[in-house]
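Trainee: Below are the structure tokens for one structure; questions will follow.
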Number of protein chains: 4
Amino acid sequence: MYASTGVNLDRANFVVPEKMRAWILGDPGQLIWTEKAVPVPGRAEVLVRIDAVAICATDLDVIKSGPPALVRGGLPFNKNWTPGHEYMGTVAALGPGVDEFAIGDRVTVEIHAGCGQCKRCRMGMYTSCLNYGLNYGDMNKGHRANGFTTDGGFAEYAINNINTLIKIADTMTDEEATLVVTAGTSMYGLTELGGLVAGESVAVIGPGPIGLLGAAVAKALGASPVFLTGTRDARLETGKKLGADFIVNVMRENGVETVRRLNGGKGVDYVIECSGAPGAINAAALMCNRGGKICLAAFPHELDLIDVGHIVRNNIYLYGIRGEGRSATHRAEAFMREKRFDATLIHTHTFVLEDLPEALRYARDRVEDAIKVVVKMRRE
Amino acid sequence: MYASTGVNLDRANFVVPEKMRAWILGDPGQLIWTEKAVPVPGRAEVLVRIDAVAICATDLDVIKSGPPALVRGGLPFNKNWTPGHEYMGTVAALGPGVDEFAIGDRVTVEIHAGCGQCKRCRMGMYTSCLNYGLNYGDMNKGHRANGFTTDGGFAEYAINNINTLIKIADTMTDEEATLVVTAGTSMYGLTELGGLVAGESVAVIGPGPIGLLGAAVAKALGASPVFLTGTRDARLETGKKLGADFIVNVMRENGVETVRRLNGGKGVDYVIECSGAPGAINAAALMCNRGGKICLAAFPHELDLIDVGHIVRNNIYLYGIRGEGRSATHRAEAFMREKRFDATLIHTHTFVLEDLPEALRYARDRVEDAIKVVVKMRRE
Amino acid sequence: MYASTGVNLDRANFVVPEKMRAWILGDPGQLIWTEKAVPVPGRAEVLVRIDAVAICATDLDVIKSGPPALVRGGLPFNKNWTPGHEYMGTVAALGPGVDEFAIGDRVTVEIHAGCGQCKRCRMGMYTSCLNYGLNYGDMNKGHRANGFTTDGGFAEYAINNINTLIKIADTMTDEEATLVVTAGTSMYGLTELGGLVAGESVAVIGPGPIGLLGAAVAKALGASPVFLTGTRDARLETGKKLGADFIVNVMRENGVETVRRLNGGKGVDYVIECSGAPGAINAAALMCNRGGKICLAAFPHELDLIDVGHIVRNNIYLYGIRGEGRSATHRAEAFMREKRFDATLIHTHTFVLEDLPEALRYARDRVEDAIKVVVKMRRE
Amino acid sequence: MYASTGVNLDRANFVVPEKMRAWILGDPGQLIWTEKAVPVPGRAEVLVRIDAVAICATDLDVIKSGPPALVRGGLPFNKNWTPGHEYMGTVAALGPGVDEFAIGDRVTVEIHAGCGQCKRCRMGMYTSCLNYGLNYGDMNKGHRANGFTTDGGFAEYAINNINTLIKIADTMTDEEATLVVTAGTSMYGLTELGGLVAGESVAVIGPGPIGLLGAAVAKALGASPVFLTGTRDARLETGKKLGADFIVNVMRENGVETVRRLNGGKGVDYVIECSGAPGAINAAALMCNRGGKICLAAFPHELDLIDVGHIVRNNIYLYGIRGEGRSATHRAEAFMREKRFDATLIHTHTFVLEDLPEALRYARDRVEDAIKVVVKMRRE
């Protein structure tokens, strides 16, 4: 029903309309299908015609509770704001001075463009930008987080800083391209753990999208063995196809003991905690070796009781990661382009953009074992 | 009463006796003043004649509960074992092939000598040696942790792997030299945080010995401003003399708010958590910036309720450090040799070795506001 | 004759004129004293009223040969261009949205503001910006290098990206503040060598400004011993005052042999090559240990015959550094603010801006043993 | 003729003889086929029964000129010394306390075991051991470099420190296993360049064994595009099969220009220089971007004229690598075990050990386009 590869654009004749259809957030939990003006790209920005958007658990949080940004001087989010951040599309217009991209380029996007001026941005840590949320009014510092602090992708068009764009090959479908940023988040975690994991043991806790692609990226980087623990057999089986050497259903087995036993009686070198479940961090700490490293990739909603003494005695480091920093999406895209793993295994359902509420229901309630639900533009 | 600098040894006439006086641990909590054989150094080892030993809170734990080592195949610690790990002294005999040191050299020691064969040792992470505790019997892998898994310093002599020795200058007193390993632990923490803290803001939580020297080392490395928070004014004042720019008594002020306010309304770049107090890690996380780093240098005895979501959302990293890895004691000694800070400010009391139980009481109960209590050899 | 600390500005009454006096480069080698329009700061920029400028050897090159920028699409440097890059001054006007600085702030500047969009800038490597020189016309990518690709400091006012500004304390004179960027270059070199040099041996080859402050910064970071080699006794003596433990005049002694002998018969851990002299890199390689690291901080004009086999056999790494990356100037300023070394020892002469040609002659010909020559604004 | 996978050993019945056949080096260039005692493994050592050995260009140098070790106190190499370092085999006896390996384990070896005591070893830099060559007599510091400073593999048995052993899977032939250390050298180079090369551009200069496997390892790590330049079409074609996206014969094209053109008009991110040819380093520097990194993996015999100014102006770093440090062979083995590239493409010829001189001739003179020549044990 939808073309898997992008529509070819006649660059000369590409016409951007003045108005577009878009979902906007009313009160928390309230989505409205409406029309608004197509925005105009500024310096170092392009306009992206959106072709496909994947739904992330964070979208559900944002829609339910309002945007999470830490904003100085009051919320900038008026009732005209559009969520959605895992999107891909086609470059439709260029801001002044942009020659890094051309109209018609197929691109996928990452979320964060830092301000470029704060201490963290100057260190290359743009996902930790100290001016997070400040891109409005007099305090405009230029930070952008698509679908968090600026308009996102549940619409026909969106503005993107060129720092957030990645060109994609024709061999990658629109749906697959929406998954690059998720793989990029997993890659960011592995990057911060040191990146050189070939021949090292890695355990992933929690077979959500980031965990599943975490197993895939770890294996692509040469990690061996790769363990994946979780509670749902179907997802664990998907993890096995993506690269996990061993899967452990913690409903039936003790995760820590099983991983250590399968790893020759030793702790693993790295753990990626993607579950956000109570006790998961203690399990991670017990799962790994002295000197082991743990990536914290999930956002627990509750406080967690943690055995800090064990962490200190064993020289364990923990890395809280938000987003997809250190250009990790580019590395993820490179592996996906070379078909090192098949990210589309986690894509389970597709809807048209008009049916976003139903798509969100599938994602939230895991209807029909949904993992990644993608919405696409209807273009007849 | 005690010579501040080491006794000059006539190298040619240095005579090592066959027997020595030593404290040994009987049942947990029971210390016995006895005589035992002077040990003989092996390959890559020397015999150190001990001149002074500082008491560490961990000694109190070890003496109370027995040694903490994780030992495969049963405890090696017979009733002849001697605790004590923050010692200095004089090289009294050389093992075969040792020419890195000479008899008569004044040295201070760090605790850990790794096995040299495991994955962590090969990475230079000898304090995370995977053969921790294995230096006995058939399973001898060569790991040594002075006063933890091997005999320590509450005795007249001790064996040391040459990896744990640091030559000290004549300008450093015996007492000061016992503090090098504590400063080295603080330096290890700052090393793992990145080390390049000049002009960066650092907060230290907890003015124990590691915290106080943490403030000193941070300032020596150029950190600015340096904050120190705690509950005891006298210790905070000592911290100010050692290098803290601002001190905050959290009995009177909210630590997080005060540090942020004094730092120009911003979080700090680094936090060194040295208190082990409940809630300290959450305070550390709120005290620092997005992208900030926290060193966990204390060993809490209880689980702690931690806001992991805040850590993840803000890209915060936590580094559990045990000991004094990455050759940090050498860097600490260099700063102390150049008198960049006066570590002796934390040395409050001195006893002779025979009075160790009284010295331990001073340290444990903080009698007369004791911070560091040192025991010295009586040599008339 | 010149006030050592900046003139106090009445912030409310600070009036920026429309015209200013400035030196501009005509043909290569030709400097013209003229009047031009005061520029207007844009987004993330401020206008700096210049109070003092130090002369760098690179200025002499630039003035002699024209600007060195690698520029796509032809030279942007019209006959109205002003050189000079080691300047300090007072914030005189703010671009839109700037609240990081206030009018009246005393600031010193570093040279490079990256484009913020290229791969290197996104890694935090703004001195390696891939859009170097592109801040003109349709290809404006926003890169700026003061006095290289944009107008510099031999004038009354200059525009600066806020990324290049560092606030300075009232305890630092104008003259000292001009030296921050030189110390920052040395700090950048030591940063790339690893930064944690406390207790490590460092040799500096060449007592020019970067070498002299290299010895100072190495010592401030705790390096020990620090060696400085060169051919001019007076400069070597200045190096000793700045922090060198040993100085070696290579006109009288073999540099490699002497450094190794003074270092206990061993090679040093780090070498900073600041001479650009033929054979200096081979000397550096012979001076250092296996696994040693060499910073290449000088720009030789000629090819050099290098013993690559020795470098490879000994696992030696070489780091060519241009400029003052990785926020190193901030670390240098912190050490200077805390008076860890007295950078003003290298400041030998002061002229008024009108006498720039004479100041340049002093710098170029080392008249009266000139090291750093500073020009100041005449403001009666 | 030779079993591709190792002979199964009956562990209980494994009998080590007292004498073995071995090649020993007489005068430089003179190899003698003789018999000598089978050595006995010490602490942390095993005896390896050698099954296959690959010939490295360095073997030819060593045999021609004598061992290259830097040895204090005179050459330890008596006329009984055996060269050869790229070998694999079967564990035949264990030293005291060794339980990391079992008799019968198939293993391949890397070359360097550091002393474990020097500054470099404590940093994990065991290939830069400061006690290189010191494993004889009174000065025995325990450093070992197989076939360089200790007896090597052109014999039936050899001693190995357990740090140098890597278990290999049954799916890997003996011949392939001899190539692990070569791939490990390439991996070491990429490790030092940062390791995270997925999606980054890499150029390899020189299609010798390290260069060919350098292209393979770079591609396995996700590098894209990978360029390989050289002068021999057959080898370049082999490189293409191993993972090079583009090959450039510099006899027909300008290497620098072609690589830059094929890379979209830009320099590459990384260069691995494996040719040792005059001018290769300048070519590497022109081939890469500002901020690019160059691995120096070849040992040129002559001095090379290098444009240091270009390197400094462009913030280029150069990494001289010797050997296979940072546990890189483990990462290489992991990729080979997972069949990410087919290292056996560079294995061209096989001889029996008795025919070593003929095998060396093939390797030296590239008879029949020989790349890697392997000698195997005759065991009927």
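Ordered as shown in the structure tokens, chains take letters A, B, and onward, while each chain numbers its residues from 1 and ligands are numbered from 1 in the order shown.
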Counting only C-alpha atoms, collect the residues of chain B whose closest atom lies at most 10 Å from chain D, and write them out as JSON, numbers by chain.
Mentor: {"B": [43, 44, 96, 97, 98, 99, 100, 113, 114, 115, 116, 117, 118, 119, 120, 121, 122, 123, 124, 125, 126, 137, 138, 139, 140, 141, 142, 161, 162, 163, 164, 325, 326, 327]}
Trainee: I'd like the contact shell of D:Cys274 - 12 Å cut-off, only C-alpha atoms, skipping same-chain residues fewer than 4 positions apart - returned as a PyMOL selection string.
Mentor: (chain C and resi 312) or (chain D and resi 185-186+189+203-215+228-230+278+280-281+284+294-300+320-322)
Trainee: For stretch 249-256 of chain B, list every protein, DNA or RNA residue within 10 Å, evaluated using only C-alpha atoms, and leave out those in the same chain fewer than 2 positions away; present the list as a list of chain:residue names.
Mentor: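 Near stretch 249-256 of chain B, the qualifying residues are B:Ala203, B:Ile205, B:Phe227, B:Leu228, B:Thr229, B:Gly230, B:Thr231, B:Arg232, B:Asp233, B:Leu236, B:Ile247, B:Thr258, B:Val259, B:Arg260, B:Arg261, B:Gly267, B:Asn282, B:Ala283, B:Ala284, B:Ala285, B:Leu286, B:Met287, B:Cys288.
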Trainee: Can you pull out the residues contacting D:Arg21? Cut-off 7 Å, using only C-alpha atoms, and skip same-chain residues under 6 positions away; I want them as a PyMOL selection string.
Mentor: chain D and resi 34-36+155-156
Trainee: Let's have the selection written as an mmCIF file, in the first residue's frame, with N, CA and C atoms.
Mentor:
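Output file selection_2.cif follows:
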data_model
loop_
_atom_site.group_PDB
_atom_site.id
_atom_site.type_symbol
_atom_site.label_atom_id
_atom_site.label_comp_id
_atom_site.auth_asym_id
_atom_site.auth_seq_id
_atom_site.Cartn_x
_atom_site.Cartn_y
_atom_site.Cartn_z
ATOM 1 N N THR D 34 68.056 -28.476 14.064
ATOM 2 C CA THR D 34 68.760 -29.183 15.123
ATOM 3 C C THR D 34 67.752 -29.754 16.122
ATOM 4 N N GLU D 35 68.289 -30.187 17.226
ATOM 5 C CA GLU D 35 67.453 -30.730 18.279
ATOM 6 C C GLU D 35 67.810 -29.994 19.562
ATOM 7 N N LYS D 36 66.818 -29.641 20.351
ATOM 8 C CA LYS D 36 67.152 -29.053 21.650
ATOM 9 C C LYS D 36 66.120 -29.476 22.690
ATOM 10 N N ALA D 155 59.798 -24.355 15.741
ATOM 11 C CA ALA D 155 60.235 -25.485 16.564
ATOM 12 C C ALA D 155 58.989 -26.283 16.916
ATOM 13 N N GLU D 156 59.201 -27.391 17.605
ATOM 14 C CA GLU D 156 58.029 -28.206 17.939
ATOM 15 C C GLU D 156 57.261 -27.701 19.154
#
Trainee: Got a sec to tell me which of stretch 208-357 of chain C DSSP assigns to alpha helix (DSSP H), as a ChimeraX atom specification?
Mentor: /C:209-220,233-242,255-262,280-287,308-313,328-337,356-357
Trainee: Which residue, B:Gly292, B:His143, B:Pro28, B:Phe148, has the smallest gap to B:Gly194 when you use only C-alpha atoms?
Mentor: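 For B:Gly194, the nearest of the candidates is B:Gly292.
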Trainee: Identify, with DSSP run on backbone atoms, the residues in stretch 338-370 of chain D assigned to strand (DSSP E or B), and express the list as a ChimeraX atom specification.
Mentor: /D:347-352
Trainee: Mind giving me the straight-line distance from atom CA of C:Lys376 to atom CA of C:Val91 in Å, one decimal?
Mentor: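 Interatomic distance here is 16.3 Å.
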Trainee: Which residues, written as a compact mmCIF listing (two decimals) with all heavy atoms, in the first residue's frame, have at least one atom at most 8 Å from A:Leu31, with only C-alpha atoms counted and residues fewer than 6 positions away on the same chain left out?
Mentor:
# COMPACT_ATOMS: atom_id res chain seq x y z
N TRP A 23 -1.02 16.91 13.43
CA TRP A 23 -1.59 16.66 14.75
C TRP A 23 -0.97 17.65 15.73
O TRP A 23 0.24 17.89 15.70
CB TRP A 23 -1.24 15.24 15.23
CG TRP A 23 -2.02 14.17 14.50
CD1 TRP A 23 -1.60 13.43 13.46
CD2 TRP A 23 -3.36 13.75 14.79
NE1 TRP A 23 -2.57 12.55 13.06
CE2 TRP A 23 -3.68 12.73 13.87
CE3 TRP A 23 -4.33 14.14 15.72
CZ2 TRP A 23 -4.92 12.09 13.86
CZ3 TRP A 23 -5.55 13.50 15.72
CH2 TRP A 23 -5.85 12.48 14.79
N ILE A 24 -1.83 18.24 16.56
CA ILE A 24 -1.30 19.12 17.60
C ILE A 24 -1.83 18.64 18.95
O ILE A 24 -2.87 17.97 19.04
CB ILE A 24 -1.66 20.60 17.38
CG1 ILE A 24 -3.17 20.79 17.33
CG2 ILE A 24 -1.00 21.13 16.12
CD1 ILE A 24 -3.59 22.25 17.30
N LEU A 25 -1.08 18.99 19.96
CA LEU A 25 -1.45 18.60 21.32
C LEU A 25 -2.28 19.70 21.96
O LEU A 25 -1.86 20.87 21.99
CB LEU A 25 -0.17 18.37 22.15
CG LEU A 25 -0.33 17.76 23.55
CD1 LEU A 25 -0.94 16.37 23.48
CD2 LEU A 25 1.03 17.70 24.24
N ILE A 63 2.63 12.98 25.18
CA ILE A 63 1.23 13.27 24.84
C ILE A 63 0.36 13.21 26.09
O ILE A 63 -0.56 14.02 26.26
CB ILE A 63 0.75 12.28 23.75
CG1 ILE A 63 1.46 12.60 22.43
CG2 ILE A 63 -0.77 12.32 23.59
CD1 ILE A 63 1.32 11.53 21.36
N PRO A 357 -4.18 8.22 16.47
CA PRO A 357 -4.67 7.75 17.78
C PRO A 357 -4.74 6.23 17.87
O PRO A 357 -4.39 5.65 18.91
CB PRO A 357 -6.06 8.40 17.87
CG PRO A 357 -5.93 9.65 17.05
CD PRO A 357 -5.06 9.24 15.88
Trainee: With only C-alpha atoms as the basis for distance, which of C:Ala244, C:Leu221, C:Ala57, C:Ala169 is at the shortest distance from C:Ile371?
Mentor: C:Ala57
Trainee: Here is a test: counting only C-alpha atoms, which residue of B:Leu47, B:Leu360, B:Ala370, B:Met88 is nearest to B:Gly29?
Mentor: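 Selected residue with least distance to B:Gly29: B:Leu360.
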